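Worksheet: the structure to be examined is printed underneath.
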Amino acid sequence: MKKQPGWALPSLKEAQVRTHKQSQIEKGLFEIPTEAKLLGQGKRYYLRTYGCQANQRDSETLAGIMEALCFTPCEDAEQADVILLNTCAIRKNAEDKVLGELGQLKRLKKENPDLVIGICGCMSQEEAIIDTLLTHYRHVELIFGTHNLHRLPILLYQVMTTHKKVIEVYSKEGEVIENLPVIRFDSHKAWVNIMYGCDKFCTYCIVPYTRGKERSRMMEDILEEVRTLKAQGFHEITLLGQNVNAYGKDLGLAGGFAKLLAEVAQIGIARVRFMTSHPWDFTDEMIDVIARYDNIMPFIHLPVQSGDSDILKLMGRRYTIEEYKKLYDKITSNIKNCAFSTDIIVGFPNESEAQFQHTLDIVDYCKFDNAFTFIYSPREGTPAAKMADNVPLAVKQERLQRLNEKTNYYTHMQNEKYRGKIVTVLVDGFSKKNDQVYSGHTDTNKLVNFIGKDVKAGDFVEVEITDVKTWSLDGKQV
Ligand code: SAH
Ligand code: SF4
Ligand code: F3S
């Protein structure tokens, strides 16, 4: 399909550029044009989210906007008048999932020509994906990006009234946009964005291109949101950023994340979490604050990516494996019973067997409570995608399997420590598999399934652990 006038198309090249100009904080940018105020009356929307917590939180905003337009949510795409897929571009298989789903939706569009299918999130930010959508997925009529969620009312109004394709993707992030509507998907836990974007440019990663430069929210806006959540009865918040350690740098804020974390803890919400913290720039002040406040949870997601310093260098991770170990040691000796999770990539271009062995070694050293492991996936536009790669896929798959055996072993081993212990669980509700059983999480983020009485989501319950599995703990209320 030919490019149409009026479309704003993404460019990864443009998205790569960083300026030192401080971002504007925009508090009045969101509005619903009069003609769109009742756009969703009598209509239903179906929203599906892929990818990380940043996308989960964005979907809560999308839901907020849709409901402000009078749409009601539905659980089944077949029933929907508007379908939105909030997509992830982190690996090829993440994109394939979305394209697979889009293929399925073709039939619905045929049956109901008024149906609007929209794509947003990180895939929208890639020009190659836009081409694919235009040539092979013509039933997609609305495409917008990660920087203009606030434009959804007007964009949707245009599609629904004209049924002409609308594409609006900005490559340059501008503002930090406050005061967007939100529907929280959980009743007692909430995500709180503290910053957007990423400036780390790890050589394999697409996020700095799809999410733009690092932009911090004002500390007072974050604290106000947390106070409101507490007043609304939320018991747990997770401070979100691709790299929370960098919080406040763009604002010239001294003390940055450590200061924010302490201020948030003092508001007194029962559980405070944060993610993700990059091993680089994890300051002593941060460790102090986490150790000092009981309501900051002893659980740290600390992605290592590789156990080999040469690979880490090629990845642009800015730390050696010795520095990672030192940080790990410092955290474990200062924070009691701290649990760790991590992310690991196998099969980075030209990774040798010996280098992979170093990755197994770091897993032996840290004995992670949980590890998210991935086969390297080349992302167009990133520096690593241009690197020659002599590692066959079969070798990568075999390495992943060996790595998983090891990480699963330690996950189970760490869980064994809980056998017979009494832990405090924040209840999420009934276990997904069995409605006689409740489930929730410990302070260290372990999933606990337990037998209890008159328990509801949002309760704190003391649970004795009676059995231990790799992915969960079993117990009974005491
Ligand atoms: N900001 C976070 C990571 C977000 S992406 C951090 O730096 O810790 C989540 C994880 O996806 C990464 O930690 C990495 O392990 C994995 N990942 C990112 N790009 C990838 C790629 N091209 N191939 C395979 N895994 C990738
Ligand atoms: Fe990607 Fe690295 Fe930024 Fe994490 S820190 S989002 S891995 S570029
Ligand atoms: Fe995916 Fe975008 Fe998150 S690429 S992991 S949804 S920032």
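Going through the structure tokens in order, the chains are called A, B, and so on, while each chain numbers its residues from 1 and the ligands are numbered from 1 in the order shown.
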Q: With only C-alpha atoms and all ligand atoms counted, collect every polymer residue having an atom within 6 Å of ligand 3; state the result as number ranges by chain.
A: A: 51-52, 54-55, 88-90, 122, 207
Using only C-alpha atoms, which protein or nucleic acid residues come within 8 Å of Ser352 (chain A)? Drop anything in the same chain fewer than 3 positions from it, and give the result as an mmCIF file with N, CA and C atoms, in the first residue's frame.
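Contents of the output file out-v6.cif:
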```cif
data_model
loop_
_atom_site.group_PDB
_atom_site.id
_atom_site.type_symbol
_atom_site.label_atom_id
_atom_site.label_comp_id
_atom_site.auth_asym_id
_atom_site.auth_seq_id
_atom_site.Cartn_x
_atom_site.Cartn_y
_atom_site.Cartn_z
ATOM 1 N N GLN A 355 32.886 -18.994 26.869
ATOM 2 C CA GLN A 355 32.165 -17.809 27.356
ATOM 3 C C GLN A 355 30.810 -18.200 27.930
ATOM 4 N N PHE A 356 30.159 -19.146 27.282
ATOM 5 C CA PHE A 356 28.882 -19.629 27.817
ATOM 6 C C PHE A 356 29.096 -20.277 29.190
ATOM 7 N N VAL A 391 27.544 -18.795 15.622
ATOM 8 C CA VAL A 391 26.929 -19.814 16.490
ATOM 9 C C VAL A 391 25.628 -20.320 15.861
#
```
Considering only C-alpha atoms and all ligand atoms, give me a table of residues in chain A that are at most 9 Å from ligand 2, with the closest atom pair and distance in Å for each, as a tab-separated table.
```
residue	atom	partner	partner_atom_place_in_ligand_line	distance
A:Ile90	CA	ligand 2	1 (Fe)	8.6
A:Gly197	CA	ligand 2	6 (S)	7.8
A:Cys198	CA	ligand 2	3 (Fe)	4.8
A:Asp199	CA	ligand 2	3 (Fe)	6.3
A:Lys200	CA	ligand 2	8 (S)	4.7
A:Phe201	CA	ligand 2	8 (S)	4.1
A:Cys202	CA	ligand 2	8 (S)	4.1
A:Thr203	CA	ligand 2	8 (S)	7.1
A:Tyr204	CA	ligand 2	8 (S)	7.5
A:Cys205	CA	ligand 2	1 (Fe)	4.6
A:Ile206	CA	ligand 2	1 (Fe)	6.5
A:Val207	CA	ligand 2	6 (S)	5.0
A:Pro208	CA	ligand 2	8 (S)	5.6
A:Tyr209	CA	ligand 2	8 (S)	8.8
A:Arg211	CA	ligand 2	6 (S)	8.8
A:Gly241	CA	ligand 2	6 (S)	8.8
A:Gln242	CA	ligand 2	6 (S)	5.1
A:Asn243	CA	ligand 2	5 (S)	5.8
A:Thr276	CA	ligand 2	4 (Fe)	7.9
A:Ser277	CA	ligand 2	5 (S)	8.5
A:His278	CA	ligand 2	5 (S)	6.4
A:Pro303	CA	ligand 2	7 (S)	8.3
A:Gln305	CA	ligand 2	7 (S)	8.5
A:Met315	CA	ligand 2	2 (Fe)	8.6
A:Gly316	CA	ligand 2	2 (Fe)	8.0
A:Arg317	CA	ligand 2	2 (Fe)	7.0
```
Q.
Set the distance at 10 Å and use only C-alpha atoms: which residues neighbour Ile65 (chain A) once local chain neighbours fewer than 2 positions away are removed? I'd like the list as a list in words.
A.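 Everything that qualifies: Phe30, Glu31, Ile32, Ser59, Glu60, Thr61, Leu62, Ala63, Glu67, Ala68, Leu69, Cys70, Phe71, Leu149, His150, Arg151, Leu152, Pro153, Leu180, Pro181, Val182 and Ile183 of chain A.
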(Q) If you run DSSP on the backbone here, which positions in region 29-251 of chain A get strand (DSSP E or B)? Please write them as an NGL selection string. (A) :A and (44-49 or 72-73 or 82-87 or 116-121 or 142-144 or 166-168 or 176-177 or 189-193 or 195-196 or 215-216 or 236-240)
Q | From A:Glu214, A:Asp114, A:Ile177, A:Asp459, residue lying nearest Ala270 (chain A) [only C-alpha atoms] | A |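 Nearest to Ala270 (chain A): A:Asp459.
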Q: Choose the residue, out of A:Lys37, A:Glu380, A:Glu236, A:Gln357, that has the smallest atom-to-atom separation from Lys13 (chain A); count only C-alpha atoms.
A: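 Comparing A:Lys37, A:Glu380, A:Glu236, A:Gln357 against Lys13 (chain A), the winner is A:Glu380.
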Q: Just the alpha helix (DSSP H) stuff from region 282-322 of chain A, please, per backbone DSSP, written as a PyMOL selection string.
A: chain A and resi 284-292+309-315+321-322
Q) Contacts of Glu464 (chain A) at 7 Å or less, counting only C-alpha atoms, minus same-chain residues fewer than 2 places along, as a ChimeraX atom specification? A) /A:420-423,462,466,475-478
Could you write those residues out with C-alpha atoms, as an mmCIF file, in the first residue's frame?
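Just written: again.cif:
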```cif
data_model
loop_
_atom_site.group_PDB
_atom_site.id
_atom_site.type_symbol
_atom_site.label_atom_id
_atom_site.label_comp_id
_atom_site.auth_asym_id
_atom_site.auth_seq_id
_atom_site.Cartn_x
_atom_site.Cartn_y
_atom_site.Cartn_z
ATOM 1 C CA GLY A 420 8.324 -25.357 57.354
ATOM 2 C CA LYS A 421 8.702 -21.573 57.670
ATOM 3 C CA ILE A 422 5.914 -19.082 58.294
ATOM 4 C CA VAL A 423 5.744 -16.294 55.747
ATOM 5 C CA GLU A 462 0.514 -15.719 57.727
ATOM 6 C CA THR A 466 4.187 -27.271 53.771
ATOM 7 C CA GLY A 475 1.116 -23.843 52.465
ATOM 8 C CA LYS A 476 -1.703 -23.398 54.921
ATOM 9 C CA GLN A 477 -2.925 -20.347 56.757
ATOM 10 C CA VAL A 478 -1.884 -20.288 60.420
#
```
Q: Using CA of Glu322 (chain A) and CA of Asp281 (chain A) as the two end points, give the distance in Å to one decimal.
A: 14.7 Å
Q. Pick the closest to Ile167 (chain A) from A:Ala8, A:Leu133, A:Leu260, A:Leu223: which is it, counting only C-alpha atoms?
A. A:Ala8
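The interatomic distance for the pair CA of Glu126 (chain A) and atom 2 (C, counted along the ligand's line) of ligand 1 works out to 19.1 Å.
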**Q.** A:Ala291, A:Val192, A:Val169, A:Ile130 ranked by distance to Gly145 (chain A), top pick (using only C-alpha atoms)
**A.**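 Among A:Ala291, A:Val192, A:Val169, A:Ile130, it is A:Val169 that comes nearest to Gly145 (chain A).
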Q) atom 25 (N, counted along the ligand's line) of ligand 1 and CA of Val346 (chain A), how far apart in Å? A)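 Calculated distance between CA of Val346 (chain A) and atom 25 (N, counted along the ligand's line) of ligand 1 is 8.2 Å.
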